[in-house]
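Here is the file model10.txt (compact mmCIF, C-alpha atoms and all ligand atoms).
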```txt
# COMPACT_ATOMS: atom_id res chain seq x y z
CA MET A 189 -13.04 13.59 -8.53
CA GLN A 190 -14.90 10.32 -9.22
CA ASN A 191 -12.13 8.25 -10.66
CA PHE A 192 -8.37 8.36 -11.15
CA LYS A 193 -6.49 9.19 -14.33
CA LEU A 194 -4.44 6.19 -15.28
CA ASN A 195 -2.95 4.69 -18.40
CA ARG A 196 -2.56 0.99 -19.25
CA ASP A 197 0.85 0.61 -17.56
CA ILE A 198 -0.44 2.15 -14.33
CA ALA A 199 -3.74 0.21 -14.45
CA HIS A 200 -1.65 -2.95 -14.88
CA LEU A 201 0.25 -2.21 -11.67
CA ALA A 202 -3.00 -1.44 -9.82
CA VAL A 203 -4.36 -4.86 -10.81
CA LEU A 204 -1.19 -6.63 -9.63
CA GLN A 205 -1.33 -4.78 -6.33
CA ARG A 206 -5.07 -5.27 -5.81
CA THR A 207 -6.14 -8.37 -7.70
CA GLU A 208 -9.79 -7.86 -6.64
CA LEU A 209 -9.83 -5.11 -9.30
CA CYS A 210 -9.58 -7.51 -12.21
CA GLY A 211 -13.05 -9.11 -11.97
CA HIS A 212 -14.27 -12.73 -12.09
CA LYS A 213 -13.52 -13.43 -15.76
CA LEU A 214 -9.85 -12.59 -15.43
CA LYS A 215 -9.59 -14.50 -12.16
CA LYS A 216 -10.94 -17.60 -13.92
CA LEU A 217 -8.42 -17.14 -16.73
CA ARG A 218 -5.68 -16.81 -14.13
CA LYS A 219 -6.61 -20.20 -12.71
CA LEU A 220 -6.68 -21.69 -16.19
CA LEU A 221 -3.54 -20.15 -17.65
CA GLY A 222 -1.37 -19.66 -14.57
CA ARG A 223 0.13 -16.78 -12.64
CA TYR A 224 2.97 -15.94 -14.99
CA PHE A 225 0.66 -15.45 -17.97
CA PHE A 226 -1.73 -13.52 -15.73
CA SER A 227 0.98 -11.19 -14.37
CA VAL A 228 2.73 -10.29 -17.60
CA PHE A 229 -0.10 -10.47 -20.13
CA LEU A 230 -3.73 -10.81 -18.98
CA SER A 231 -3.52 -8.21 -16.23
CA LYS A 232 -2.09 -5.73 -18.73
CA TYR A 233 -3.87 -6.33 -22.03
CA PHE A 234 -7.19 -7.92 -20.94
CA ILE A 235 -8.37 -5.08 -18.73
CA ASP A 236 -10.87 -2.28 -19.18
CA ILE A 237 -8.85 0.76 -18.11
CA ASP A 238 -11.90 2.96 -17.38
CA GLN A 239 -13.46 0.26 -15.26
CA ILE A 240 -10.19 -0.33 -13.35
CA SER A 241 -9.94 3.40 -12.79
CA LYS A 242 -13.44 3.60 -11.30
CA ASN A 243 -13.06 0.44 -9.23
CA TYR A 244 -9.65 1.52 -7.94
CA PHE A 245 -11.03 4.94 -7.01
CA ASN A 246 -13.97 3.38 -5.11
CA LEU A 247 -11.69 0.95 -3.29
CA MET A 248 -9.27 3.69 -2.27
CA TYR A 249 -12.10 6.02 -1.28
CA LYS A 250 -13.39 3.34 1.11
CA GLU A 251 -9.89 3.00 2.57
CA PHE A 252 -9.67 6.77 2.89
CA LEU A 253 -12.98 7.00 4.80
CA LEU A 254 -11.61 4.59 7.39
CA LEU A 255 -8.13 6.09 7.64
CA LYS A 256 -9.22 9.71 7.85
CA ASN A 257 -10.27 9.05 11.43
CA TYR A 258 -6.61 8.50 12.29
CA ILE A 259 -4.87 11.18 10.23
CA ASN A 260 -5.09 14.91 10.92
CA GLU A 261 -4.82 17.73 8.43
CA TYR A 262 -1.18 18.65 7.71
CA ASP A 263 0.17 15.53 9.46
CA LYS A 264 3.42 14.26 8.01
CA VAL A 265 2.53 10.92 6.47
CA LEU A 266 4.79 7.99 5.54
CA SER A 267 3.39 5.29 3.27
CA ILE A 268 5.23 1.95 3.13
CA GLY A 269 4.25 -0.17 0.11
CA SER A 270 1.66 2.27 -1.23
CA GLY A 271 1.21 0.63 -4.59
CA ILE A 272 0.45 3.27 -7.20
CA GLY A 273 -0.77 5.65 -4.51
CA GLY A 274 -4.53 6.16 -4.93
CA LEU A 275 -5.14 6.33 -1.20
CA GLU A 276 -2.29 8.79 -0.81
CA VAL A 277 -3.72 11.05 -3.55
CA LEU A 278 -6.97 11.26 -1.56
CA ILE A 279 -5.15 11.90 1.72
CA ASN A 280 -3.09 14.67 0.12
CA GLN A 281 -6.06 16.33 -1.54
CA LYS A 282 -8.51 16.12 1.33
CA LEU A 283 -6.20 16.59 4.32
CA ASN A 284 -3.33 18.62 2.82
CA ASN A 285 -0.65 16.20 3.90
CA HIS A 286 2.89 15.85 2.68
CA ILE A 287 3.45 12.18 1.86
CA THR A 288 6.73 10.26 1.90
CA PHE A 289 6.75 6.94 0.09
CA ILE A 290 8.98 3.91 0.59
CA GLU A 291 8.36 1.37 -2.15
CA LYS A 292 10.17 -1.14 -4.33
CA ASP A 293 11.04 -0.33 -7.90
CA TYR A 294 10.42 -3.57 -9.75
CA VAL A 295 7.63 -5.87 -10.83
CA SER A 296 7.73 -9.59 -10.09
CA LYS A 297 6.91 -11.89 -12.96
CA LYS A 298 4.43 -13.90 -10.87
CA VAL A 299 2.00 -12.38 -8.42
CA LYS A 300 2.35 -14.26 -5.13
CA TYR A 301 -0.37 -13.65 -2.61
CA GLY A 302 1.13 -15.30 0.42
CA TRP A 303 3.86 -14.60 2.88
CA ASP A 304 7.10 -13.64 1.15
CA LYS A 305 9.71 -14.64 3.73
CA GLU A 306 12.65 -13.17 1.84
CA ASN A 307 10.72 -10.11 0.68
CA LYS A 308 11.67 -10.70 -2.94
CA GLU A 309 8.31 -9.84 -4.49
CA ALA A 310 7.32 -6.36 -5.61
CA TYR A 311 4.76 -4.81 -7.91
CA ASN A 312 5.74 -1.24 -8.44
CA ASN A 313 7.64 1.20 -10.59
CA LEU A 314 8.66 4.48 -9.00
CA PHE A 315 8.55 6.38 -12.30
CA LEU A 316 4.91 5.31 -12.80
CA LEU A 317 4.09 6.01 -9.15
CA GLU A 318 5.36 9.57 -9.57
CA LYS A 319 3.48 9.95 -12.84
CA PHE A 320 0.24 8.76 -11.22
CA LEU A 321 0.62 11.23 -8.34
CA LEU A 322 1.32 14.19 -10.64
CA ASN A 323 -1.47 13.26 -13.08
CA ASN A 324 -3.94 13.10 -10.24
CA GLY A 325 -3.16 16.50 -8.81
CA VAL A 326 -0.48 15.92 -6.16
CA LYS A 327 2.13 18.67 -6.39
CA LYS A 328 5.80 17.74 -6.61
CA LYS A 329 6.56 19.62 -3.37
CA ASP A 330 3.98 17.46 -1.55
CA PHE A 331 5.73 14.11 -1.88
CA ASP A 332 9.06 12.30 -1.70
CA LEU A 333 9.85 8.85 -3.06
CA PHE A 334 12.36 6.40 -1.58
CA ASP A 335 13.40 3.12 -3.14
CA PHE A 336 13.41 0.43 -0.43
CA ASP A 337 16.36 -1.36 -2.02
CA LYS A 338 18.60 1.71 -1.89
CA LYS A 339 18.34 1.59 1.94
CA LYS A 340 18.45 5.36 2.38
CA PHE A 341 15.34 6.29 4.32
CA PRO A 342 14.32 9.70 5.67
CA HIS A 343 15.19 10.25 9.33
CA THR A 344 12.49 12.65 10.26
CA LYS A 345 9.58 12.00 12.65
CA PHE A 346 6.21 11.15 11.07
CA ASP A 347 2.73 11.63 12.55
CA ALA A 348 1.07 8.84 10.64
CA ILE A 349 2.56 5.77 8.96
CA ILE A 350 0.37 3.62 6.75
CA SER A 351 1.09 0.30 5.10
CA LEU A 352 -1.98 -1.38 3.66
CA TYR A 353 -1.56 -5.06 2.75
CA SER A 354 2.22 -4.71 2.76
CA LEU A 355 4.11 -4.58 6.11
CA ASP A 356 3.50 -7.80 8.12
CA TYR A 357 1.07 -8.93 5.43
CA HIS A 358 3.54 -9.89 2.73
CA TYR A 359 6.78 -9.53 4.70
CA GLU A 360 8.01 -9.46 8.29
CA PHE A 361 7.37 -6.46 10.51
CA ASN A 362 10.97 -6.90 11.74
CA LEU A 363 12.25 -5.63 8.40
CA TYR A 364 11.13 -2.15 9.42
CA LYS A 365 11.01 -2.44 13.22
CA ASP A 366 14.20 -0.50 14.10
CA TYR A 367 13.45 2.16 11.51
CA LEU A 368 9.89 2.64 12.75
CA TYR A 369 11.17 2.90 16.32
CA LYS A 370 13.32 5.87 15.24
CA ILE A 371 10.72 7.75 13.24
CA MET A 372 7.65 7.37 15.46
CA LYS A 373 6.73 9.75 18.26
CA PRO A 374 4.64 8.30 21.13
CA LYS A 375 1.54 9.85 19.56
CA SER A 376 2.31 8.78 16.00
CA VAL A 377 -0.01 6.19 14.58
CA LEU A 378 1.07 3.16 12.53
CA ILE A 379 -1.69 1.44 10.55
CA PHE A 380 -1.21 -1.90 8.79
CA ASP A 381 -2.82 -5.29 8.04
CA THR A 382 -1.70 -8.43 9.82
CA ILE A 383 -2.88 -11.94 10.60
CA ARG A 384 -1.32 -11.78 14.09
CA PRO A 385 -2.68 -8.65 15.79
CA GLU A 386 -2.15 -10.14 19.30
CA PHE A 387 1.62 -10.16 18.75
CA PHE A 388 1.65 -6.37 18.47
CA TYR A 389 0.45 -5.86 22.05
CA SER A 390 4.01 -6.79 23.00
CA VAL A 391 5.47 -4.19 20.63
CA PHE A 392 3.17 -1.19 21.21
CA LYS A 393 1.40 0.16 24.29
CA LYS A 394 -1.77 0.86 22.32
CA VAL A 395 -3.20 -1.42 19.64
CA GLU A 396 -6.66 -0.95 18.16
CA ILE A 397 -8.28 -3.28 15.62
CA ILE A 398 -9.95 -1.02 13.07
CA LYS A 399 -10.97 -3.46 10.31
CA GLN A 400 -11.32 -7.20 9.82
CA ASP A 401 -11.04 -9.13 6.52
CA LEU A 402 -12.34 -12.47 7.73
CA ASP A 403 -13.77 -13.67 4.43
CA THR A 404 -10.40 -13.57 2.61
CA ILE A 405 -7.78 -16.33 2.49
CA HIS A 406 -5.48 -14.40 4.80
CA LYS A 407 -8.12 -13.42 7.40
CA SER A 408 -6.15 -10.34 8.30
CA LYS A 409 -7.02 -7.52 10.65
CA ARG A 410 -6.07 -3.89 10.26
CA ILE A 411 -4.52 -2.39 13.36
CA ALA A 412 -3.68 1.13 14.50
CA CYS A 413 -0.69 1.12 16.86
CA ARG A 414 0.80 3.87 19.01
CA ASP A 415 3.61 4.23 21.52
CA PHE A 416 6.43 1.73 21.00
CA ARG A 417 7.44 -0.26 24.05
CA SER A 418 11.17 0.17 24.57
C1 LIG B 501 -0.45 -5.94 -2.08
S1 LIG B 501 0.40 -4.47 -2.57
C2 LIG B 501 -0.56 -3.26 -1.68
C3 LIG B 501 -0.49 -1.89 -2.30
C4 LIG B 501 -1.29 -0.79 -1.60
N1 LIG B 501 -0.83 -0.55 -0.25
C5 LIG B 501 -2.76 -1.08 -1.61
O1 LIG B 501 -3.33 -1.28 -0.51
O2 LIG B 501 -3.35 -1.09 -2.68
C6 LIG B 501 1.93 -4.55 -1.66
C7 LIG B 501 2.92 -3.47 -2.05
O3 LIG B 501 4.07 -3.57 -1.18
C8 LIG B 501 5.23 -3.30 -1.96
N2 LIG B 501 6.42 -3.81 -1.22
C9 LIG B 501 6.92 -5.06 -1.18
N3 LIG B 501 8.00 -5.11 -0.36
C10 LIG B 501 8.17 -3.84 0.13
C11 LIG B 501 9.10 -3.26 1.04
N4 LIG B 501 10.07 -3.95 1.62
N5 LIG B 501 8.97 -1.94 1.31
C12 LIG B 501 7.99 -1.18 0.73
N6 LIG B 501 7.09 -1.70 -0.12
C13 LIG B 501 7.17 -3.01 -0.43
C14 LIG B 501 4.95 -3.95 -3.30
O4 LIG B 501 5.77 -3.43 -4.33
C15 LIG B 501 3.45 -3.60 -3.46
O5 LIG B 501 3.28 -2.38 -4.15
```
Just dump the structure as structure tokens.
Amino acid sequence: MQNFKLNRDIAHLAVLQRTELCGHKLKKLRKLLGRYFFSVFLSKYFIDIDQISKNYFNLMYKEFLLLKNYINEYDKVLSIGSGIGGLEVLINQKLNNHITFIEKDYVSKKVKYGWDKENKEAYNNLFLLEKFLLNNGVKKKDFDLFDFDKKKFPHTKFDAIISLYSLDYHYEFNLYKDYLYKIMKPKSVLIFDTIRPEFFYSVFKKVEIIKQDLDTIHKSKRIACRDFRS
């Protein structure tokens, strides 16, 4: 597999979730015409779907190469804020993992890149997420989808929990803290991006910085955490 199968609606979501996919021209137009016009129109109708598909695949493959060092074959994986799920497709196909998703099921009219204190923003559609997974070879028995806003989460233990550019990047870690405490075993790993890695030494016994994004506005670091402090 060299790229993902996606249609215009799914490519649109991918661009909203990862704006680096849209290229310089579209970014300039976004500055000129504003975020609303960008979110509902430009990012949907002014994109080259094949190019987005290749770029999204390459981006997710890079993420996979880093994360595969922390996820074992057949681990039970939970993904919080997966976006359309390209990384999870690769994890499922290469490591045979069952993946549980918790995501939101709506698309904000304006893409906001900063901290979303009330966690009102979302860029996903669970029907399209499922379609993307099935179209790209993930079997129905290999995944479960949960809508964050329905507040009914699975109460099983997970080996690996991933949340790229979502938990503690757009919204407070505290939103999930009690839930994560219940579903993590001491050896489970939780991987996410944050601008305050030091804070997490007080939450977990082990914290490892595995990636740094120092040239972006947010200057976040990706951390792998294990063993909740009680
Ligand atoms: C910047 S995107 C990142 C998507 C993907 N992880 C990636 O790296 O490409 C953030 C995602 O978090 C989702 N999100 C926002 N609030 C959430 C919540 N409370 N629980 C789960 N997902 C959430 C959004 O819908 C969006 O898909």
List all protein, DNA and RNA residues that have at least one atom no more than 6 Å from any atom of ligand LIG 501 (chain B), counting all atoms listed in the file, and write them as an MDAnalysis selection string.
chainID A and resid 205:206 268:271 290:292 307 309:312 336 351:354
Any chance you could export the current selection's C-alpha atoms as a compact mmCIF listing (two decimals), in the coordinates of the input?
```txt
# COMPACT_ATOMS: atom_id res chain seq x y z
CA GLN A 205 -1.33 -4.78 -6.33
CA ARG A 206 -5.07 -5.27 -5.81
CA ILE A 268 5.23 1.95 3.13
CA GLY A 269 4.25 -0.17 0.11
CA SER A 270 1.66 2.27 -1.23
CA GLY A 271 1.21 0.63 -4.59
CA ILE A 290 8.98 3.91 0.59
CA GLU A 291 8.36 1.37 -2.15
CA LYS A 292 10.17 -1.14 -4.33
CA ASN A 307 10.72 -10.11 0.68
CA GLU A 309 8.31 -9.84 -4.49
CA ALA A 310 7.32 -6.36 -5.61
CA TYR A 311 4.76 -4.81 -7.91
CA ASN A 312 5.74 -1.24 -8.44
CA PHE A 336 13.41 0.43 -0.43
CA SER A 351 1.09 0.30 5.10
CA LEU A 352 -1.98 -1.38 3.66
CA TYR A 353 -1.56 -5.06 2.75
CA SER A 354 2.22 -4.71 2.76
```
Using all atoms listed in the file, which protein or nucleic acid residues come within 10 Å of Leu314 in chain A? Drop anything in the same chain fewer than 3 positions from it, and give the result as a list of chain:residue names.
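The contact residues come out as A:Gly271, A:Ile272, A:Phe289, A:Ile290, A:Glu291, A:Lys292, A:Asp293, A:Tyr294, A:Leu317, A:Glu318, A:Lys319, A:Phe320, A:Leu333, A:Phe334, A:Asp335.
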Counting all atoms listed in the file, write as a PyMOL selection string all protein and nucleic acid residues lying at most 10 Å from (8.0, -6.5, 5.6) in the file's frame.
chain A and resi 268-269+303-307+351+354-365
May I have the residues within 12 Å of Lys193 in chain A as a ChimeraX atom specification, using all atoms listed in the file and disregarding those fewer than 5 positions away in the same chain?
/A:198-199,237-242,244-245,272-274,277,319-325
Pairwise distance, CA of Ile279 in chain A with CA of Thr207 in chain A, equals 22.4 Å
I'd like the interatomic distance between CA of Arg223 in chain A and CA of Lys298 in chain A, to a tenth of an Å.
5.5 Å
Between A:Ser390, A:Gln400, A:Asn284, A:Ser408, which has the minimum distance to Lys329 in chain A (counting all atoms listed in the file)?
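Closest residue, counting all atoms listed in the file: A:Asn284.
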By how many Å are CA of Thr288 in chain A and CA of Pro385 in chain A apart?
25.3 Å
Nearest to Lys393 in chain A among A:Phe346, A:Phe226, A:Tyr233, A:Phe416, with distances taken over all atoms listed in the file: which residue is it?
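Closest to Lys393 in chain A of all the choices is A:Phe416.
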Env of Tyr389 in chain A: 12 Å cut, atoms = all atoms listed in the file, seq-sep filter 2 positions within chain, self excluded. Answer as an MDAnalysis selection string.
chainID A and resid 384:387 391:397 411:417
Listed atoms of range 358-370 of chain A boxed along x, y and z, 6 Å each side, centre and edge lengths in Å, one decimal, as JSON:
```
{"center_x": 8.9, "center_y": -2.0, "center_z": 9.5, "size_x": 22.7, "size_y": 27.8, "size_z": 25.6}
```
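Minimum atom-to-atom distance to Tyr258 in chain A, evaluated using all atoms listed in the file, belongs to A:Val377 out of A:Val377, A:Ala202, A:Ile383, A:Leu368.
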